[in-house]
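Written out below as structure tokens is the structure these notes cover.
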Amino acid sequence: MSHSSTQLIHHPYTPPAGFEAVSPAVHKASTIIFPSVAALRNRDWKHKTGYTYGLHGTPTTFTLEERIATLEGGQFCTLVPSGLAAIVLVDMALLKAGDEVLIPDNAYGPNKAFAQAELASWGITCQMYDPMNPADLAAKLTLKTRLVWLEAPGSITLEFPDLPALAAAVRAHNASPGQAHPQGVVTALDNTWGAGLAFNAFALGADISVQALTKYPSGGADVLMGSVVTNSEALHLLVHFCHMRVGYGVSGNDAELVLRGLNSMALRYAAQDAATRQLAGWMQGQPQIAAVLHPALPDSPGHAQWKRDCLGAACLFSAVFRPEFTQAQIDRFCDSLQLFRLGYSWAGPMSLCVPYDMPALRVAKPWPHKGGLVRFSVGLEAVADLQADIAQALAGL
């Protein structure tokens with residue numbers, strides 16, 4: 001090697017082994033080098049015993065997958081570019097033309113939208129069920145049903161379902177000769193709110209748990225990532241092979257951010273939980289508000305199930321305004337907030353709020369309230385400042 005350009009690319013130096021630090025190393029690669037043709041042909045990427053291509057994993061992503069699996073109480077984890085990608089991956093891995101998926105009526109909106117658009121165009125049908133009524137789920141399970149989505153609590157409105165009862169309805173259906181899908185019905189839980197901290201998805205009956213790592217595991221509002229976790233190797237391989245075929249990948253730098261966020265995740269979850277309960281309780285006493293939705297509040301739907309099954313609650317609560325306030329007034333309320341900024345997502349350091357048109361989002365059961373709704377995400381600001389901010393905006397009404 002006489003030319004400097006060749007020497008730089010094929011430099012023989014290898015740093016000494018034994019370097020250890022608090023943060024895992026960040027490995028970034030598309031191409032991975034093999035020592036021999038035999039190694040290239042025989043290396044197994046499917047069980048994480050070796051490396052073949054950056055899309056199939058690096059030491060950084062393998063480390064994050066193992067930690068997320070432990071957090072969730074599972075054995076196998078697959079990383080994807082977003083929380084929605086985790087939902088889509090489960091759908092694509094399990095469903096084929098002629099199958100049906102059941103989704104809770106209060107589920108994350110893009111989950112329903114994907115089923116109603118892409119899945120429908122692929123010959124896969126979808127039904128919405130009332131997650132607060134296990135009998136409604138049981139009645140909608142058919143020979144076509146392959147996948148049942150669960151979500152706890154419901155997106156935006158935060159009803160907490162009876163997860164063991166919903167899972168039991170699916171198990172009973174699977175045990176009915178000639179009634180269940182030939183491959184059985186799988187339950188998949190969107191566990192972003194619980195984050196693996198509030199409850200164990202598998203102990204409550206889920207077969208698969210997905211998360212938007214964008215939220216609590218990251219915590220910085222600066223990265224998009226999702227995960228699919230299971231205790232079943234058969235389900236994991238279905239997901240894992242589909243993951244390989246569709247080409248989902250996450251970057252080493254993004255994995256580094258989530259790994260760093262995991263170190264403080266339990267502390268942030270507890271701090272935001274306490275602040276959210278304080279604000280939600282105070283909000284109940286405001287004359288402009290008809291109802292406050294938060295699982296820890298005794299009159300919030302599903303409070304008994306939350307109290308039985310959970311160790312904590314996330315940073316979300318929703319306020320339903322009295323019906324005499326118009327949507328225009330509620331929008332001005334949101335615009336007048338100074339610390340609660342307008343923006344989607346949650347679990348970051350900054351508090352957020354978004355107004356929603358709830359009647360348009362319900363199919364299986366009519367939305368029971370007449371007034372407009374605003375969902376609040378509580379960040380890491382001082383609770384007194386956040387309360388003062390809401391108070392000044394309410395005064396403007």
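Naming works like this for the structure tokens: A, B, ... for the chains as they're shown, residue 1 at the start of each chain, ligands 1 onward in shown order.
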Please report, as JSON lines, each residue of stretch 95-114 of chain A lying at most 10 Å from stretch 123-141 of chain A, together with the nearest pair of atoms and the separation in Å rounded to one decimal; use only C-alpha atoms, and order rows by chain and ascending residue number.
{"residue": "A:Leu95", "atom": "CA", "partner": "A:Ile124", "partner_atom": "CA", "distance": 7.3}
{"residue": "A:Lys96", "atom": "CA", "partner": "A:Ile124", "partner_atom": "CA", "distance": 6.5}
{"residue": "A:Ala97", "atom": "CA", "partner": "A:Gly123", "partner_atom": "CA", "distance": 4.5}
{"residue": "A:Gly98", "atom": "CA", "partner": "A:Ile124", "partner_atom": "CA", "distance": 5.5}
{"residue": "A:Asp99", "atom": "CA", "partner": "A:Ile124", "partner_atom": "CA", "distance": 5.2}
{"residue": "A:Glu100", "atom": "CA", "partner": "A:Thr125", "partner_atom": "CA", "distance": 4.6}
{"residue": "A:Val101", "atom": "CA", "partner": "A:Cys126", "partner_atom": "CA", "distance": 4.9}
{"residue": "A:Leu102", "atom": "CA", "partner": "A:Gln127", "partner_atom": "CA", "distance": 5.0}
{"residue": "A:Ile103", "atom": "CA", "partner": "A:Met128", "partner_atom": "CA", "distance": 5.0}
{"residue": "A:Pro104", "atom": "CA", "partner": "A:Tyr129", "partner_atom": "CA", "distance": 5.0}
{"residue": "A:Asp105", "atom": "CA", "partner": "A:Met128", "partner_atom": "CA", "distance": 5.2}
{"residue": "A:Asn106", "atom": "CA", "partner": "A:Pro131", "partner_atom": "CA", "distance": 7.6}
{"residue": "A:Ala107", "atom": "CA", "partner": "A:Pro131", "partner_atom": "CA", "distance": 9.1}
{"residue": "A:Lys112", "atom": "CA", "partner": "A:Met128", "partner_atom": "CA", "distance": 8.5}
Please save C-alpha atoms of the selected residues as an mmCIF file, in the first residue's frame.
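Contents of the output file part-v8.cif:
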data_model
loop_
_atom_site.group_PDB
_atom_site.id
_atom_site.type_symbol
_atom_site.label_atom_id
_atom_site.label_comp_id
_atom_site.auth_asym_id
_atom_site.auth_seq_id
_atom_site.Cartn_x
_atom_site.Cartn_y
_atom_site.Cartn_z
ATOM 1 C CA LEU A 95 -52.277 -10.313 8.919
ATOM 2 C CA LYS A 96 -53.054 -11.518 5.413
ATOM 3 C CA ALA A 97 -55.945 -11.073 3.001
ATOM 4 C CA GLY A 98 -59.164 -12.450 4.491
ATOM 5 C CA ASP A 99 -58.095 -11.802 8.101
ATOM 6 C CA GLU A 100 -59.667 -9.294 10.473
ATOM 7 C CA VAL A 101 -58.190 -7.049 13.144
ATOM 8 C CA LEU A 102 -60.144 -5.660 16.116
ATOM 9 C CA ILE A 103 -59.099 -2.252 17.464
ATOM 10 C CA PRO A 104 -60.392 -0.421 20.560
ATOM 11 C CA ASP A 105 -62.554 2.559 19.694
ATOM 12 C CA ASN A 106 -60.325 4.832 21.805
ATOM 13 C CA ALA A 107 -57.039 3.641 20.268
ATOM 14 C CA LYS A 112 -57.178 2.939 13.165
#
- Task: For A:Phe325, please output as a VMD selection string all residues within 12 Å (counting only C-alpha atoms; exclusion window: fewer than 6 positions along the same chain).
- Result: chain A and resid 287 to 290 331 to 333 370 to 373 394 396 to 397
Would you save the residues from that selection as a PDB file, in the first residue's frame, using C-alpha atoms?
ATOM      1  CA  PRO A 287     -65.910  26.123  37.218  1.00  0.00           C
ATOM      2  CA  GLN A 288     -65.257  26.105  33.461  1.00  0.00           C
ATOM      3  CA  ILE A 289     -64.524  22.359  33.487  1.00  0.00           C
ATOM      4  CA  ALA A 290     -67.211  19.649  33.267  1.00  0.00           C
ATOM      5  CA  ASP A 331     -59.123  27.247  20.872  1.00  0.00           C
ATOM      6  CA  ARG A 332     -58.450  30.764  22.240  1.00  0.00           C
ATOM      7  CA  PHE A 333     -57.864  29.199  25.661  1.00  0.00           C
ATOM      8  CA  LYS A 370     -71.152  17.663  25.065  1.00  0.00           C
ATOM      9  CA  GLY A 371     -68.286  20.071  25.667  1.00  0.00           C
ATOM     10  CA  GLY A 372     -64.963  20.357  23.898  1.00  0.00           C
ATOM     11  CA  LEU A 373     -61.871  18.496  25.109  1.00  0.00           C
ATOM     12  CA  LEU A 394     -59.191  29.954  32.118  1.00  0.00           C
ATOM     13  CA  GLY A 396     -59.737  34.663  29.783  1.00  0.00           C
ATOM     14  CA  LEU A 397     -62.791  32.506  29.107  1.00  0.00           C
TER      15      LEU A 397
END
- atom CA of A:Ala384 to atom CA of A:Gln278 measures 9.8 Å
Which polymer residues have any atom within 9 Å of an atom of stretch 298-303 of chain A, counting only C-alpha atoms, with same-chain residues fewer than 3 positions away left out, as a JSON list (two decimals) with N, CA and C atoms, in the first residue's frame?
[["chain", "number", "residue", "atom", "x", "y", "z"],
["A", 132, "MET", "N", -64.13, -0.81, 27.08],
["A", 132, "MET", "CA", -64.62, -0.85, 28.45],
["A", 132, "MET", "C", -65.68, -1.92, 28.65],
["A", 153, "PRO", "N", -53.98, 3.44, 28.99],
["A", 153, "PRO", "CA", -55.40, 3.74, 28.80],
["A", 153, "PRO", "C", -55.67, 4.17, 27.37],
["A", 158, "LEU", "N", -58.24, 8.48, 27.91],
["A", 158, "LEU", "CA", -57.61, 7.87, 29.09],
["A", 158, "LEU", "C", -58.52, 6.94, 29.90],
["A", 159, "GLU", "N", -59.52, 6.32, 29.26],
["A", 159, "GLU", "CA", -60.26, 5.26, 29.95],
["A", 159, "GLU", "C", -59.33, 4.06, 30.15],
["A", 160, "PHE", "N", -59.36, 3.47, 31.33],
["A", 160, "PHE", "CA", -58.46, 2.34, 31.58],
["A", 160, "PHE", "C", -59.26, 1.05, 31.53],
["A", 161, "PRO", "N", -58.99, 0.18, 30.54],
["A", 161, "PRO", "CA", -59.79, -1.02, 30.36],
["A", 161, "PRO", "C", -59.40, -2.12, 31.34],
["A", 162, "ASP", "N", -60.21, -3.15, 31.38],
["A", 162, "ASP", "CA", -59.91, -4.35, 32.16],
["A", 162, "ASP", "C", -59.09, -5.27, 31.27],
["A", 291, "ALA", "N", -65.50, 17.90, 33.29],
["A", 291, "ALA", "CA", -64.92, 16.62, 33.70],
["A", 291, "ALA", "C", -63.43, 16.64, 33.43],
["A", 292, "VAL", "N", -62.68, 15.94, 34.28],
["A", 292, "VAL", "CA", -61.25, 15.74, 34.08],
["A", 292, "VAL", "C", -61.01, 14.23, 33.97],
["A", 293, "LEU", "N", -60.31, 13.84, 32.94],
["A", 293, "LEU", "CA", -60.07, 12.42, 32.65],
["A", 293, "LEU", "C", -58.62, 12.07, 32.97],
["A", 294, "HIS", "N", -58.46, 11.23, 33.96],
["A", 294, "HIS", "CA", -57.14, 10.75, 34.39],
["A", 294, "HIS", "C", -57.39, 9.48, 35.20],
["A", 295, "PRO", "N", -56.73, 8.37, 34.89],
["A", 295, "PRO", "CA", -57.07, 7.11, 35.55],
["A", 295, "PRO", "C", -56.99, 7.12, 37.07],
["A", 306, "TRP", "N", -57.39, 0.58, 36.86],
["A", 306, "TRP", "CA", -56.07, 1.21, 37.01],
["A", 306, "TRP", "C", -55.53, 0.97, 38.42],
["A", 307, "LYS", "N", -56.36, 1.17, 39.42],
["A", 307, "LYS", "CA", -55.91, 1.00, 40.81],
["A", 307, "LYS", "C", -55.49, -0.42, 41.08],
["A", 308, "ARG", "N", -56.18, -1.38, 40.50],
["A", 308, "ARG", "CA", -55.85, -2.80, 40.69],
["A", 308, "ARG", "C", -54.56, -3.20, 39.98]]
- Message: Taking only stretch 45-266 of chain A into account, list the residues labelled strand (DSSP E or B) by DSSP (computed from the backbone), as number ranges by chain.
- Response: A: 53, 76-80, 100-104, 125-129, 145-151, 186-190, 208-212, 226-230
- Could you state the separation of atom CA of A:Ser82 and atom CA of A:Ala212 in Å, given to one decimal place? 6.2 Å
List every residue of stretch 277-387 of chain A that has an atom at most 9 Å from any atom of stretch 182-203 of chain A, giving for each one its closest atom pair and the distance in Å to one decimal, counting only C-alpha atoms, sorted by chain and then by ascending residue number, as a tab-separated table.
residue	atom	partner	partner_atom	distance
A:Asp309	CA	A:Phe199	CA	6.6
A:Cys310	CA	A:Ala198	CA	5.1
A:Leu311	CA	A:Ala198	CA	4.8
A:Gly312	CA	A:Ala198	CA	4.9
A:Ala313	CA	A:Ala198	CA	6.3
A:Ala314	CA	A:Trp193	CA	5.9
A:Cys315	CA	A:Trp193	CA	8.4
A:Leu316	CA	A:Trp193	CA	8.7
- Message: Using only C-alpha atoms, can you tell me which of A:Gln305, A:Ala280, A:Ser121, A:Leu262 comes closest to A:Pro164?
- Response: A:Gln305
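Residues in contact with A:Leu337 at 8 Å, where only C-alpha atoms are counted and same-chain residues fewer than 2 positions away are skipped, are listed as Phe333, Cys334, Asp335, Leu339, Phe340, Arg341, Asp389, Ile390, Gln392 and Ala393 of chain A.
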